[in-house]
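**Q** My structure is stored as work_35.cif, with mmCIF, C-alpha atoms.
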data_model
#
loop_
_atom_site.label_atom_id
_atom_site.label_comp_id
_atom_site.auth_asym_id
_atom_site.auth_seq_id
_atom_site.Cartn_x
_atom_site.Cartn_y
_atom_site.Cartn_z
CA MET A 1 3.53 30.11 2.96
CA PRO A 2 1.94 26.69 2.21
CA ALA A 3 -0.90 25.58 4.45
CA ARG A 4 0.08 23.26 7.28
CA LYS A 5 -0.88 19.69 6.52
CA PRO A 6 -3.21 17.98 9.02
CA THR A 7 -1.20 15.75 11.32
CA PRO A 8 -2.62 13.20 13.78
CA PRO A 9 -1.56 13.85 17.39
CA GLU A 10 0.42 11.09 19.09
CA SER A 11 -2.32 10.78 21.71
CA LEU A 12 -4.98 10.02 19.08
CA GLY A 13 -7.02 7.02 20.22
CA GLY A 14 -5.80 7.31 23.83
CA PRO A 15 -5.27 4.34 26.18
CA ILE A 16 -8.32 2.55 24.78
CA GLY A 17 -6.81 2.76 21.30
CA ALA A 18 -3.62 1.16 22.60
CA ILE A 19 -5.53 -1.69 24.29
CA ARG A 20 -7.60 -2.32 21.19
CA GLY A 21 -4.42 -2.16 19.14
CA VAL A 22 -2.71 -4.87 21.19
CA ILE A 23 -5.72 -7.20 20.94
CA PHE A 24 -5.99 -6.59 17.21
CA ILE A 25 -2.26 -7.03 16.49
CA VAL A 26 -2.14 -10.36 18.38
CA ALA A 27 -5.24 -11.61 16.54
CA MET A 28 -3.89 -10.46 13.17
CA TYR A 29 -0.56 -12.27 13.52
CA VAL A 30 -2.09 -15.45 14.91
CA LEU A 31 -4.41 -15.47 11.90
CA LEU A 32 -1.46 -14.79 9.58
CA VAL A 33 0.29 -17.93 10.80
CA ILE A 34 -2.86 -20.06 10.54
CA VAL A 35 -4.03 -18.87 7.12
CA GLY A 36 -0.49 -18.55 5.77
CA VAL A 37 0.52 -22.08 6.68
CA LEU A 38 -2.78 -23.71 5.71
CA GLY A 39 -2.74 -21.82 2.42
CA MET A 40 0.76 -22.90 1.40
CA ILE A 41 -0.37 -25.97 -0.55
CA PRO A 42 -3.35 -24.45 -2.44
CA SER A 43 -1.33 -21.30 -3.17
CA LYS A 44 1.28 -23.48 -4.86
CA ILE A 45 -1.30 -24.89 -7.27
CA SER A 46 -1.86 -21.71 -9.27
CA PRO A 47 -1.71 -17.88 -9.07
CA ARG A 48 -5.50 -17.90 -8.74
CA TRP A 49 -5.33 -19.92 -5.53
CA THR A 50 -2.55 -17.68 -4.22
CA MET A 51 -4.83 -14.67 -4.58
CA ILE A 52 -7.76 -16.55 -3.01
CA VAL A 53 -5.63 -17.14 0.11
CA ILE A 54 -4.40 -13.53 0.21
CA HIS A 55 -7.86 -12.04 -0.35
CA SER A 56 -9.36 -14.30 2.31
CA TYR A 57 -6.75 -13.20 4.84
CA CYS A 58 -7.23 -9.52 4.01
CA ASP A 59 -11.01 -9.84 4.36
CA ALA A 60 -10.59 -11.48 7.78
CA VAL A 61 -8.18 -8.75 8.95
CA PHE A 62 -10.55 -6.00 7.79
CA TRP A 63 -13.39 -7.71 9.68
CA MET A 64 -11.28 -7.89 12.87
CA LEU A 65 -10.24 -4.27 12.44
CA ARG A 66 -13.90 -3.26 12.27
CA VAL A 67 -15.03 -5.43 15.19
CA ILE A 68 -12.10 -4.93 17.58
CA VAL A 69 -11.05 -1.37 16.79
CA GLY A 70 -14.08 0.15 15.07
CA THR A 71 -12.16 0.99 11.88
CA ARG A 72 -13.78 0.45 8.49
CA VAL A 73 -11.97 0.07 5.17
CA GLU A 74 -13.29 1.97 2.16
CA ILE A 75 -12.01 1.79 -1.42
CA ARG A 76 -12.96 4.73 -3.61
CA GLY A 77 -12.67 5.04 -7.35
CA THR A 78 -12.29 2.09 -9.68
CA PRO A 79 -9.43 -0.33 -9.02
CA PRO A 80 -7.72 -1.33 -12.28
CA ASP A 81 -8.10 -4.91 -13.41
CA GLY A 82 -5.70 -4.92 -16.36
CA PRO A 83 -1.93 -4.54 -16.65
CA CYS A 84 -0.74 -1.22 -15.27
CA ILE A 85 1.58 0.51 -12.82
CA VAL A 86 -0.06 1.58 -9.56
CA ALA A 87 1.68 4.55 -7.95
CA SER A 88 0.48 4.98 -4.38
CA LYS A 89 1.09 7.00 -1.28
CA HIS A 90 2.39 4.72 1.49
CA GLN A 91 1.67 5.49 5.16
CA SER A 92 1.03 2.12 6.75
CA PHE A 93 1.11 -1.64 6.32
CA LEU A 94 -2.66 -1.34 6.01
CA ASP A 95 -2.50 0.36 2.61
CA VAL A 96 -0.43 -2.61 1.37
CA MET A 97 -3.20 -4.96 2.45
CA ILE A 98 -5.96 -2.82 0.93
CA LEU A 99 -4.18 -2.66 -2.43
CA ALA A 100 -3.52 -6.42 -2.29
CA ARG A 101 -7.26 -6.96 -1.75
CA ALA A 102 -8.46 -4.41 -4.30
CA LEU A 103 -6.35 -5.62 -7.22
CA PRO A 104 -6.79 -8.97 -8.98
CA ARG A 105 -3.09 -9.68 -9.72
CA PRO A 106 -0.86 -7.36 -7.72
CA ALA A 107 2.94 -7.50 -7.77
CA PHE A 108 4.62 -5.17 -5.29
CA VAL A 109 7.98 -3.49 -5.67
CA MET A 110 9.20 -4.32 -2.16
CA LYS A 111 12.36 -4.12 -0.11
CA LYS A 112 14.55 -7.20 -0.38
CA SER A 113 14.49 -7.98 3.35
CA ILE A 114 10.79 -8.91 3.17
CA ARG A 115 11.80 -12.06 1.30
CA TRP A 116 13.07 -13.45 4.60
CA VAL A 117 9.99 -12.56 6.66
CA PRO A 118 8.09 -15.78 7.51
CA VAL A 119 4.88 -16.26 5.50
CA LEU A 120 4.97 -12.75 3.96
CA GLY A 121 8.12 -13.55 2.01
CA VAL A 122 6.62 -16.73 0.57
CA TYR A 123 3.46 -15.02 -0.64
CA GLY A 124 5.43 -12.05 -1.94
CA GLU A 125 7.42 -14.43 -4.12
CA ARG A 126 4.35 -16.35 -5.28
CA THR A 127 2.61 -13.16 -6.40
CA GLY A 128 5.65 -12.16 -8.44
CA SER A 129 6.63 -9.22 -6.29
CA ILE A 130 9.91 -7.54 -7.19
CA ALA A 131 12.46 -7.46 -4.37
CA ILE A 132 15.07 -4.68 -4.47
CA ASP A 133 17.85 -3.48 -2.19
CA ARG A 134 17.01 0.19 -1.73
CA ARG A 135 20.59 0.93 -0.67
CA ALA A 136 21.96 -0.30 -4.00
CA GLY A 137 21.22 2.91 -5.92
CA SER A 138 21.24 2.49 -9.70
CA GLU A 139 21.57 -1.29 -9.32
CA ALA A 140 18.23 -1.34 -7.46
CA VAL A 141 16.61 0.46 -10.40
CA ARG A 142 18.05 -2.07 -12.87
CA THR A 143 16.78 -4.95 -10.72
CA MET A 144 13.33 -3.37 -10.54
CA LEU A 145 13.12 -2.83 -14.30
CA ALA A 146 14.30 -6.36 -15.07
CA GLY A 147 11.81 -7.83 -12.60
CA ALA A 148 8.98 -5.68 -13.95
CA GLU A 149 9.64 -6.88 -17.51
CA GLY A 150 9.17 -10.44 -16.30
CA GLN A 151 5.98 -9.70 -14.36
CA ALA A 152 4.27 -7.13 -16.57
CA ALA A 153 1.87 -9.42 -18.43
CA GLY A 154 -1.58 -9.12 -16.90
CA ARG A 155 -0.39 -7.74 -13.55
CA GLN A 156 -0.77 -4.56 -11.59
CA ILE A 157 2.75 -3.55 -10.53
CA ILE A 158 2.50 -1.51 -7.34
CA ILE A 159 5.22 0.98 -6.50
CA PHE A 160 5.45 3.43 -3.63
CA PRO A 161 7.45 6.23 -5.28
CA GLN A 162 8.66 7.67 -1.97
CA GLY A 163 10.20 4.29 -1.17
CA ILE A 164 9.13 4.08 2.48
CA ARG A 165 6.14 4.61 4.72
CA VAL A 166 5.72 8.35 5.22
CA PRO A 167 3.65 9.49 8.24
CA PRO A 168 0.80 11.94 7.58
CA GLY A 169 2.08 15.51 7.38
CA ALA A 170 5.71 14.50 6.77
CA ASP A 171 7.58 15.41 3.59
CA MET A 172 9.78 12.94 1.74
CA PRO A 173 11.18 13.16 -1.80
CA TRP A 174 9.54 11.30 -4.65
CA ARG A 175 11.85 9.03 -6.63
CA HIS A 176 12.00 8.51 -10.39
CA GLY A 177 11.53 4.71 -10.37
CA VAL A 178 7.86 5.03 -11.28
CA VAL A 179 8.74 7.13 -14.34
CA ARG A 180 11.39 4.60 -15.39
CA LEU A 181 8.79 1.82 -15.16
CA TYR A 182 6.34 3.91 -17.19
CA SER A 183 8.92 4.52 -19.93
CA GLN A 184 10.03 0.90 -20.11
CA LEU A 185 6.73 -0.98 -19.85
CA GLY A 186 4.52 1.29 -21.93
CA GLN A 187 1.68 0.77 -19.46
CA PRO A 188 -0.68 3.31 -17.86
CA ILE A 189 -0.11 4.62 -14.35
CA GLU A 190 -3.01 4.42 -11.92
CA MET A 191 -2.59 6.78 -8.98
CA ALA A 192 -3.80 6.08 -5.44
CA ALA A 193 -4.11 8.33 -2.39
CA VAL A 194 -4.47 7.12 1.21
CA ASN A 195 -5.22 8.25 4.76
CA THR A 196 -4.14 4.99 6.42
CA GLY A 197 -1.54 6.60 8.69
CA TRP A 198 -4.28 8.33 10.65
CA PHE A 199 -5.72 5.04 11.84
CA TRP A 200 -2.81 2.58 11.62
CA PRO A 201 0.44 4.50 12.15
CA LYS A 202 3.87 3.56 10.84
CA THR A 203 5.06 2.67 14.34
CA GLY A 204 3.43 1.86 17.66
CA ILE A 205 0.44 -0.20 18.73
CA ARG A 206 -2.28 2.44 18.60
CA ARG A 207 -5.23 1.80 16.30
CA THR A 208 -7.94 4.45 15.91
CA PRO A 209 -11.63 3.99 15.05
CA GLY A 210 -12.84 5.65 11.88
CA THR A 211 -12.88 5.14 8.13
CA VAL A 212 -9.67 4.24 6.32
CA VAL A 213 -9.69 5.22 2.66
CA VAL A 214 -7.61 4.18 -0.33
CA GLU A 215 -8.78 6.17 -3.34
CA PHE A 216 -7.89 5.59 -6.98
CA ILE A 217 -7.72 9.15 -8.25
CA GLY A 218 -6.86 8.96 -11.93
CA ARG A 219 -4.93 7.46 -14.76
CA ILE A 220 -1.98 8.57 -16.87
CA GLU A 221 -2.14 6.97 -20.28
CA PRO A 222 0.97 5.45 -21.87
CA GLY A 223 3.09 7.39 -24.33
CA ARG A 224 3.34 10.69 -22.45
CA ASP A 225 6.49 12.79 -22.48
CA THR A 226 8.13 12.15 -19.10
CA ASP A 227 9.38 15.72 -18.55
CA GLY A 228 7.66 16.92 -15.38
CA LEU A 229 5.75 13.65 -15.05
CA LEU A 230 7.06 12.80 -11.58
CA ASP A 231 6.07 16.25 -10.29
CA GLU A 232 2.58 15.76 -11.72
CA ILE A 233 2.20 12.33 -10.10
CA ALA A 234 3.49 13.58 -6.75
CA GLY A 235 1.33 16.70 -6.84
CA ARG A 236 -1.87 14.85 -7.63
CA ILE A 237 -1.33 12.08 -5.07
CA GLU A 238 -0.20 14.47 -2.32
CA ALA A 239 -3.17 16.78 -2.93
CA ALA A 240 -5.65 13.90 -2.80
CA SER A 241 -3.98 12.41 0.30
CA ASP A 242 -4.12 15.83 2.00
CA ARG A 243 -7.83 15.99 1.17
CA LEU A 244 -8.35 12.57 2.76
CA ALA A 245 -6.30 13.69 5.77
CA THR A 246 -8.51 16.74 6.23
CA GLU A 247 -11.56 14.48 6.01
CA ALA A 248 -10.09 12.16 8.66
CA ALA A 249 -9.12 15.07 10.93
CA THR A 250 -12.64 16.50 10.74
CA ALA A 251 -14.22 13.14 11.51
CA LEU A 252 -11.88 12.61 14.48
CA GLY A 253 -12.30 16.15 15.79
CA VAL A 254 -8.63 17.04 15.35
CA GLY A 255 -8.07 20.78 14.92
#
Go ahead and render the structure in this file as structure tokens.

**A**
Amino acid sequence: MPARKPTPPESLGGPIGAIRGVIFIVAMYVLLVIVGVLGMIPSKISPRWTMIVIHSYCDAVFWMLRVIVGTRVEIRGTPPDGPCIVASKHQSFLDVMILARALPRPAFVMKKSIRWVPVLGVYGERTGSIAIDRRAGSEAVRTMLAGAEGQAAGRQIIIFPQGIRVPPGADMPWRHGVVRLYSQLGQPIEMAAVNTGWFWPKTGIRRTPGTVVVEFIGRIEPGRDTDGLLDEIAGRIEAASDRLATEAATALGVG
């Protein structure tokens, strides 16, 4: 029988965590409106200015997260700076922000509805993110591949192979889109593990003090045979994310 994965209890952080969470969430969204609107003009000048605005916002959010909640952001491993595919575990909106800050020219494979979210949709488009309708099946894959071909030069294309945010301890299937990208683009895959769901859950207002980690755990060079590749990617990322979960559970005193 496989070992039970560490899972954060719903009460983690307690009432204080909920109060801190409310203060932080309000501050984060107020700042999003201010920075997002003020940054519209410079971000239209060039991709470099777009990333300056995004990185500045992420830095400010991480500072507020540390000051208000007591949560620190740590990036382990070496973030790639050249063209590649980044395959990452996805537990929280926070891992999106950390990847956006860690990478020089990120382009996310994102759900189509985000295009219509104020501010976020604009910056998603300006960074060249690839919007797909996850309900469209094979058509979504074709849209992703076509978009990736147009954005591949010099960018880090970020894909969450499970397609959605998956809470710590939960099991969800891994989809073949990342392997299709690998085959078509001829670029390396950089793998990333996270523990973000322990401190910033998929739903709710609770935020928990501690150390959030996104870790770049290894690289798959181009040109590999793709038989069994998805299982290898999933196994390595899940194992590393479980290790980070155990580390978080120990630090938080969760048995």

**Q** Name all residues at most 12 Å from Ala251 (chain A) (count all atoms listed in the file; drop same-chain ones fewer than 2 positions away) and give them as a list in words.

**A** Pro8, Trp198, Phe199, Thr208, Pro209, Gly210, Thr211, Val212, Leu244, Ala245, Thr246, Glu247, Ala248, Ala249, Gly253, Val254 and Gly255 of chain A

**Q** With the file shown as input, list the residues that the PyMOL selection byres ((chain A and resi 58) around 10) selects, as an mmCIF file with C-alpha atoms, in the coordinates of the input.

**A**
data_model
loop_
_atom_site.group_PDB
_atom_site.id
_atom_site.type_symbol
_atom_site.label_atom_id
_atom_site.label_comp_id
_atom_site.auth_asym_id
_atom_site.auth_seq_id
_atom_site.Cartn_x
_atom_site.Cartn_y
_atom_site.Cartn_z
ATOM 1 C CA MET A 28 -3.890 -10.460 13.170
ATOM 2 C CA LEU A 32 -1.460 -14.790 9.580
ATOM 3 C CA ILE A 52 -7.760 -16.550 -3.010
ATOM 4 C CA VAL A 53 -5.630 -17.140 0.110
ATOM 5 C CA ILE A 54 -4.400 -13.530 0.210
ATOM 6 C CA HIS A 55 -7.860 -12.040 -0.350
ATOM 7 C CA SER A 56 -9.360 -14.300 2.310
ATOM 8 C CA TYR A 57 -6.750 -13.200 4.840
ATOM 9 C CA ASP A 59 -11.010 -9.840 4.360
ATOM 10 C CA ALA A 60 -10.590 -11.480 7.780
ATOM 11 C CA VAL A 61 -8.180 -8.750 8.950
ATOM 12 C CA PHE A 62 -10.550 -6.000 7.790
ATOM 13 C CA TRP A 63 -13.390 -7.710 9.680
ATOM 14 C CA MET A 64 -11.280 -7.890 12.870
ATOM 15 C CA LEU A 94 -2.660 -1.340 6.010
ATOM 16 C CA MET A 97 -3.200 -4.960 2.450
ATOM 17 C CA ILE A 98 -5.960 -2.820 0.930
ATOM 18 C CA LEU A 99 -4.180 -2.660 -2.430
ATOM 19 C CA ALA A 100 -3.520 -6.420 -2.290
ATOM 20 C CA ARG A 101 -7.260 -6.960 -1.750
ATOM 21 C CA ALA A 102 -8.460 -4.410 -4.300
#

**Q** Pro173 (chain A): which residues within 12 Å, counting all atoms listed in the file, same-chain residues fewer than 4 positions away excluded, as an MDAnalysis selection string?

**A** chainID A and resid 89 160:166 230:231 234:235 238

**Q** Which residue, A:Leu103, A:Ile237, A:Ile205, A:Val73, has the smallest gap to Ala18 (chain A) when you use all atoms listed in the file?

**A**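 Result for the nearest residue to Ala18 (chain A): A:Ile205.
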
**Q** Name the residues that the PyMOL selection byres ((chain A and resi 223) around 10) picks from the file above, as a VMD selection string, using the file's chain letters and numbers.

**A** chain A and resid 182 to 183 186 to 188 220 to 222 224 to 226

**Q** For the residues in that selection, give me C-alpha atoms as a PDB file, in the coordinates of the input.

**A**
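Below is the file that was written, selection-v8.pdb:
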ATOM      1  CA  TYR A 182       6.340   3.910 -17.190  1.00  0.00           C
ATOM      2  CA  SER A 183       8.920   4.520 -19.930  1.00  0.00           C
ATOM      3  CA  GLY A 186       4.520   1.290 -21.930  1.00  0.00           C
ATOM      4  CA  GLN A 187       1.680   0.770 -19.460  1.00  0.00           C
ATOM      5  CA  PRO A 188      -0.680   3.310 -17.860  1.00  0.00           C
ATOM      6  CA  ILE A 220      -1.980   8.570 -16.870  1.00  0.00           C
ATOM      7  CA  GLU A 221      -2.140   6.970 -20.280  1.00  0.00           C
ATOM      8  CA  PRO A 222       0.970   5.450 -21.870  1.00  0.00           C
ATOM      9  CA  ARG A 224       3.340  10.690 -22.450  1.00  0.00           C
ATOM     10  CA  ASP A 225       6.490  12.790 -22.480  1.00  0.00           C
ATOM     11  CA  THR A 226       8.130  12.150 -19.100  1.00  0.00           C
TER      12      THR A 226
END

**Q** What is the distance between CA of Pro167 (chain A) and CA of Ser92 (chain A), in Å to one decimal?

**A**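 Computing the Euclidean distance for CA of Pro167 (chain A) and CA of Ser92 (chain A) yields 8.0 Å.
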
**Q** So which residues touch Gly124 (chain A) within 9 Å, counting only C-alpha atoms, skipping near sequence neighbours fewer than 4 positions away, as a PyMOL selection string?

**A** chain A and resi 107-108+110+114-115+119-120+128-131

**Q** For C-alpha atoms, I'd like the residues from the last selection saved as a JSON list (two decimals), in the frame of the given file.

**A**
[["chain", "number", "residue", "atom", "x", "y", "z"],
["A", 107, "ALA", "CA", 2.94, -7.50, -7.77],
["A", 108, "PHE", "CA", 4.62, -5.17, -5.29],
["A", 110, "MET", "CA", 9.20, -4.32, -2.16],
["A", 114, "ILE", "CA", 10.79, -8.91, 3.17],
["A", 115, "ARG", "CA", 11.80, -12.06, 1.30],
["A", 119, "VAL", "CA", 4.88, -16.26, 5.50],
["A", 120, "LEU", "CA", 4.97, -12.75, 3.96],
["A", 128, "GLY", "CA", 5.65, -12.16, -8.44],
["A", 129, "SER", "CA", 6.63, -9.22, -6.29],
["A", 130, "ILE", "CA", 9.91, -7.54, -7.19],
["A", 131, "ALA", "CA", 12.46, -7.46, -4.37]]

**Q** Find the distance between CA of Lys202 (chain A) and CA of Val86 (chain A) and write it in Å to one decimal.

**A**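 Going from CA of Lys202 (chain A) over to CA of Val86 (chain A) covers 20.9 Å.
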
**Q** By how many Å are CA of Asp227 (chain A) and CA of Ala140 (chain A) apart?

**A**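 Taking CA of Asp227 (chain A) and CA of Ala140 (chain A), their separation equals 22.2 Å.
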